[in-house]
Amino acid sequence: MPDYMYMLESRLSAEQRAVLLRVQELAAESSTNVYLTGGAVRDLISGMPIRDLDFTVEGNATRLARELEKGGARAVTEDEKLRYIEMIFSGDVDGSIAAAREEVYARPGVRPEARWSTITADLHRRDFSLNAVAISLNTASRGLLLDPTNGLADLESREVRALSIHSFTNQPVRLLRAIRYAARMDFKLESRTEEWFALALERGLQESIAPGDAGSELRQLAREDKPVAILKLWEARGLLESISPQLAKRHPHYEMLARILKARDDLAAAGIRPRLASAITYAALGKLKDREASSALHRLEYRADEIEAVVGIEDRAQKVAAALAGRKTAAPTDAYAFLEKAPAELLVFILAESSNSKAVAKIRTYLTKWRPLRQALPAAVLELESIGMPHGPKFDKAIEDLFLAQLLGKARNPELRLKLLRKLSGIKEPPKKKIDEKERKKLGEKPKKKEGGKENAVAAAPPGKPMQPPARNEKAANDTRARLQAARQGNQATTPTPAKGAKAAPARKESAARKR
């Protein structure tokens with residue numbers, strides 16, 4: 001049996017793990033049963049990245065949400081009637097908290113009556129089997145997988161299976177949702193589900209999709225990794241009219257979407273994961289005029305701030321591009337500081353759509369050169385620690401000054417970096433220790449020869465060759481020879497004749513002896 005908690009904790013990011021732990025702690029404190037449900041469990045089992053953390057509570061979901069808000073979480077939308085709160089948890093983690101409920105339909109196609117219930121009933125009322133799975137986070141059953149509709153088998157067979165023949169009749173928006181899941185996970189519709197889907201289209205149920213429900217699906221589209229594939233399948237199935245009749249006639253702006261997704265990948269390669277809700281929605285409606293796009297979003301029950309974010313994204317991007325091309329960001333240090341604070345979504349939009357070459361070039365330099373320099377600073381931190389500088393404000397300032405110098409092209413190799421760190425910290429390199437002859441012998445080194453003198457000359461002579469005298473200046477040598485020769489000649493010319501009775505020179509004596 002798989003250890004789902006181990007799998008979960010090994011697949012979650014550090015921020016997601018912190019949220020999971022905090023939810024478990026709060027639930028235990030209030031003796032509330034809580035479960036991780038839906039998308040996170042589905043993505044865990046299918047091996048896909050875990051995007052959202054959706055929690056289902058057997059009890060008061062609102063109270064748990066309020067406690068999480070004290071730790072930095074914030075509510076995005078809240079449905080008080082269904083006790084459903086979409087949230088961004090601490091650490092910028094997406095997810096939701098909902099109360100376990102069952103839905104009772106008086107007859108197919110009408111709005112259901114919600115009743116608070118158990119986790120098992122909550123899983124049975126869901127749309128597709130792949131979403132009707134949960135993992136218990138409770139102390140007594142922690143890690144237990146709940147799969148009452150056999151969704152695990154459908155995940156293994158890579159199929160989207162509806163849980164009821166009335167699934168599309170009760171909630172026509174599931175037509176859009178089924179295709180979105182199939183495109184995202186590269187699944188196909190299960191055979192009976194495909195039949196129910198075709199029957200729903202024949203009956204025209206797509207025309208009865210509530211605008212608010214269609215708007216929710218468009219919001220989800222903007223968070224998908226493959227929005228182009230989803231839109232094309234919606235269009236092929238005749239479902240775009242539920243988003244906008246004008247969009248169905250003019251088609252989404254697929255080329256713009258492709259450029260935005262490419263720019264998104266460029267930011268992802270630099271370690272940035274932008275939220276692209278406005279940019280992708282703008283591109284999806286890109287062939288509509290601003291007034292038409294605004295009207296379509298209003299019909300889909302988008303909030304005023306959401307509509308402004310979509311329609312006004314081009315103007316905001318142009319302002320950022322103009323600032324990047326201006327004097328205030330001419331220096332690399334100023335440009336880096338500006339780009340660090342700029343919304344990532346606007347950087348994506350500029351890379352995809354702007355004709356301002358200076359702005360585009362600075363963003364690319366920021367992604368490929370400046371951010372890698374910032375990410376390499378931990379090595380400098382270790383070096384600064386190794387030379388003996390204690391942590392504190394001066395330590396942080398030295399690291400920041402090093403980074404600013406590197407932005408200007410300085411100290412980018414280890415030797416120069418260490419040299420600059422010593423200068424910034426004021427810690428000089430310690431003097432080299434002198435080693436005497438005794439220590440050299442202990443270390444097994446040869447004795448050091450004195451400079452100049454005979455010993456050095458002998459040591460320098462190649463083996464097998466006689467030692468050569470030190471080289472002298474040739475002119476000086478010639479002058480010396482000339483003076484010696486002149487002195488000899490002068491001595492011979494001025495040698496006095498020996499006096500009477502004086503002893504003969506040794507040479508003469510030798511000569512006389514030879515005669516005798």
# chains A, B, ... in the order shown; residues from 1 in each chain; ligands from 1
call {"tool": "select_by_dssp", "arguments": {"residues": "segment 90-201 of chain A", "states": "helix (DSSP H, G or I)", "output": "number ranges by chain"}}
result
A: 119-124, 129-131, 139-141, 151-156, 167-170, 174-185, 191-201
call {"tool": "closest_residue", "arguments": {"among": "A:Leu130, A:Leu231, A:Ile272, A:Val57", "to": "Glu190 of chain A", "atoms": "only C-alpha atoms"}}
result
A:Leu130
call {"tool": "atom_distance", "arguments": {"atom1": "atom CA of Phe55 of chain A", "atom2": "atom CA of Val34 of chain A"}}
result
6.7 Å
call {"tool": "residues_around", "arguments": {"residues": "segment 333-341 of chain A", "least_positions_apart": "2", "cutoff": "7 Å", "atoms": "only C-alpha atoms", "output": "mmCIF file with N, CA, C and O atoms, in the first residue's frame"}}
result
data_model
loop_
_atom_site.group_PDB
_atom_site.id
_atom_site.type_symbol
_atom_site.label_atom_id
_atom_site.label_comp_id
_atom_site.auth_asym_id
_atom_site.auth_seq_id
_atom_site.Cartn_x
_atom_site.Cartn_y
_atom_site.Cartn_z
ATOM 1 N N LEU A 324 11.767 51.462 -18.643
ATOM 2 C CA LEU A 324 12.983 50.691 -18.866
ATOM 3 C C LEU A 324 13.866 51.299 -19.951
ATOM 4 O O LEU A 324 15.084 51.116 -19.945
ATOM 5 N N LYS A 328 16.297 56.934 -16.175
ATOM 6 C CA LYS A 328 16.321 56.512 -14.779
ATOM 7 C C LYS A 328 16.750 55.060 -14.610
ATOM 8 O O LYS A 328 17.156 54.660 -13.518
ATOM 9 N N THR A 329 16.658 54.285 -15.653
ATOM 10 C CA THR A 329 17.089 52.883 -15.576
ATOM 11 C C THR A 329 18.258 52.603 -16.521
ATOM 12 O O THR A 329 18.469 51.468 -16.939
ATOM 13 N N ALA A 330 19.015 53.652 -16.857
ATOM 14 C CA ALA A 330 20.135 53.466 -17.784
ATOM 15 C C ALA A 330 21.243 52.629 -17.147
ATOM 16 O O ALA A 330 21.855 51.793 -17.804
ATOM 17 N N ALA A 331 21.518 52.852 -15.855
ATOM 18 C CA ALA A 331 22.559 52.083 -15.169
ATOM 19 C C ALA A 331 22.047 50.690 -14.822
ATOM 20 O O ALA A 331 20.877 50.530 -14.464
ATOM 21 N N PRO A 343 5.821 44.021 -11.811
ATOM 22 C CA PRO A 343 4.993 42.803 -11.841
ATOM 23 C C PRO A 343 5.467 41.841 -12.925
ATOM 24 O O PRO A 343 5.679 42.236 -14.077
ATOM 25 N N TYR A 366 18.277 40.873 -17.558
ATOM 26 C CA TYR A 366 17.872 40.627 -16.167
ATOM 27 C C TYR A 366 17.657 39.134 -15.920
ATOM 28 O O TYR A 366 18.109 38.586 -14.902
ATOM 29 N N LEU A 404 26.345 44.668 -6.417
ATOM 30 C CA LEU A 404 26.268 45.871 -7.245
ATOM 31 C C LEU A 404 27.510 46.004 -8.118
ATOM 32 O O LEU A 404 27.426 46.422 -9.274
ATOM 33 N N LEU A 407 27.155 43.621 -11.002
ATOM 34 C CA LEU A 407 26.254 44.133 -12.041
ATOM 35 C C LEU A 407 27.002 45.021 -13.028
ATOM 36 O O LEU A 407 26.653 45.096 -14.210
#
call {"tool": "atom_distance", "arguments": {"atom1": "atom CA of Ala317 of chain A", "atom2": "atom CA of Lys232 of chain A"}}
result
27.2 Å
call {"tool": "closest_residue", "arguments": {"among": "A:Glu306, A:Lys287, A:Val320, A:Ala269", "to": "Arg250 of chain A", "atoms": "only C-alpha atoms"}}
result
A:Lys287
call {"tool": "residues_around", "arguments": {"residues": "segment 233-247 of chain A", "least_positions_apart": "2", "cutoff": "7 Å", "atoms": "only C-alpha atoms", "output": "PyMOL selection string"}}
result
chain A and resi 176+179+206-207+209+214+229-231+249-252+285+296
call {"tool": "residues_around", "arguments": {"residues": "Asn131 of chain A", "least_positions_apart": "5", "cutoff": "9 Å", "atoms": "only C-alpha atoms", "output": "NGL selection string"}}
result
:A and (37-39 or 41-42 or 123 or 126 or 151)
call {"tool": "write_last_selection", "arguments": {"atoms": "N, CA and C atoms", "output": "short mmCIF file (atom, residue, chain, number, x, y, z; two decimals), in the first residue's frame"}}
result
data_model
loop_
_atom_site.label_atom_id
_atom_site.label_comp_id
_atom_site.auth_asym_id
_atom_site.auth_seq_id
_atom_site.Cartn_x
_atom_site.Cartn_y
_atom_site.Cartn_z
N THR A 37 -8.36 17.22 -0.61
CA THR A 37 -9.29 16.64 -1.59
C THR A 37 -9.01 17.15 -3.00
N GLY A 38 -9.64 16.47 -3.95
CA GLY A 38 -9.69 16.94 -5.33
C GLY A 38 -8.36 17.01 -6.05
N GLY A 39 -8.06 18.21 -6.56
CA GLY A 39 -6.94 18.39 -7.48
C GLY A 39 -5.59 17.96 -6.95
N VAL A 41 -4.80 15.67 -4.70
CA VAL A 41 -4.70 14.20 -4.64
C VAL A 41 -4.64 13.63 -6.06
N ARG A 42 -5.46 14.18 -6.94
CA ARG A 42 -5.45 13.73 -8.35
C ARG A 42 -4.08 13.93 -8.97
N LEU A 123 -17.60 13.46 -1.44
CA LEU A 123 -16.90 12.89 -2.60
C LEU A 123 -17.89 12.32 -3.61
N ARG A 126 -19.48 14.86 -6.27
CA ARG A 126 -18.57 15.59 -7.16
C ARG A 126 -18.82 15.25 -8.62
N GLY A 151 -11.90 6.31 -8.45
CA GLY A 151 -11.22 7.27 -9.32
C GLY A 151 -9.79 6.89 -9.62
#
call {"tool": "atom_distance", "arguments": {"atom1": "atom CA of Asp290 of chain A", "atom2": "atom CA of Gln220 of chain A"}}
result
21.4 Å
call {"tool": "residues_around", "arguments": {"residues": "Gly409 of chain A", "least_positions_apart": "6", "cutoff": "12 Å", "atoms": "only C-alpha atoms", "output": "JSON, numbers by chain"}}
result
{"A": [331, 332, 333, 369, 370, 373, 402, 403, 416, 417]}
call {"tool": "residues_around", "arguments": {"residues": "Asp154 of chain A", "least_positions_apart": "3", "cutoff": "10 Å", "atoms": "only C-alpha atoms", "output": "ChimeraX atom specification"}}
result
/A:128-130,149-151,157-161,187,190
call {"tool": "closest_residue", "arguments": {"among": "A:Ile280, A:Met48, A:Leu152, A:Ala322", "to": "Asp186 of chain A", "atoms": "only C-alpha atoms"}}
result
A:Met48
call {"tool": "closest_atom_pairs", "arguments": {"of": "segment 186-227 of chain A", "to": "segment 258-261 of chain A", "cutoff": "12 Å", "atoms": "only C-alpha atoms", "output": "tab-separated table"}}
result
residue	atom	partner	partner_atom	distance
A:Ala222	CA	A:Leu261	CA	11.1
A:Arg223	CA	A:Leu261	CA	11.5
A:Glu224	CA	A:Leu261	CA	10.6
A:Asp225	CA	A:Leu261	CA	8.3
A:Lys226	CA	A:Leu261	CA	8.6
A:Pro227	CA	A:Leu261	CA	9.0
call {"tool": "write_last_selection", "arguments": {"atoms": "C-alpha atoms", "output": "PDB file, in the first residue's frame"}}
result
ATOM      1  CA  ALA A 222      -6.010  31.482 -17.296  1.00  0.00           C
ATOM      2  CA  ARG A 223      -4.220  29.374 -14.670  1.00  0.00           C
ATOM      3  CA  GLU A 224      -3.650  26.359 -16.910  1.00  0.00           C
ATOM      4  CA  ASP A 225      -0.294  25.379 -18.402  1.00  0.00           C
ATOM      5  CA  LYS A 226      -1.907  24.550 -21.785  1.00  0.00           C
ATOM      6  CA  PRO A 227      -4.619  27.156 -22.425  1.00  0.00           C
TER       7      PRO A 227
END
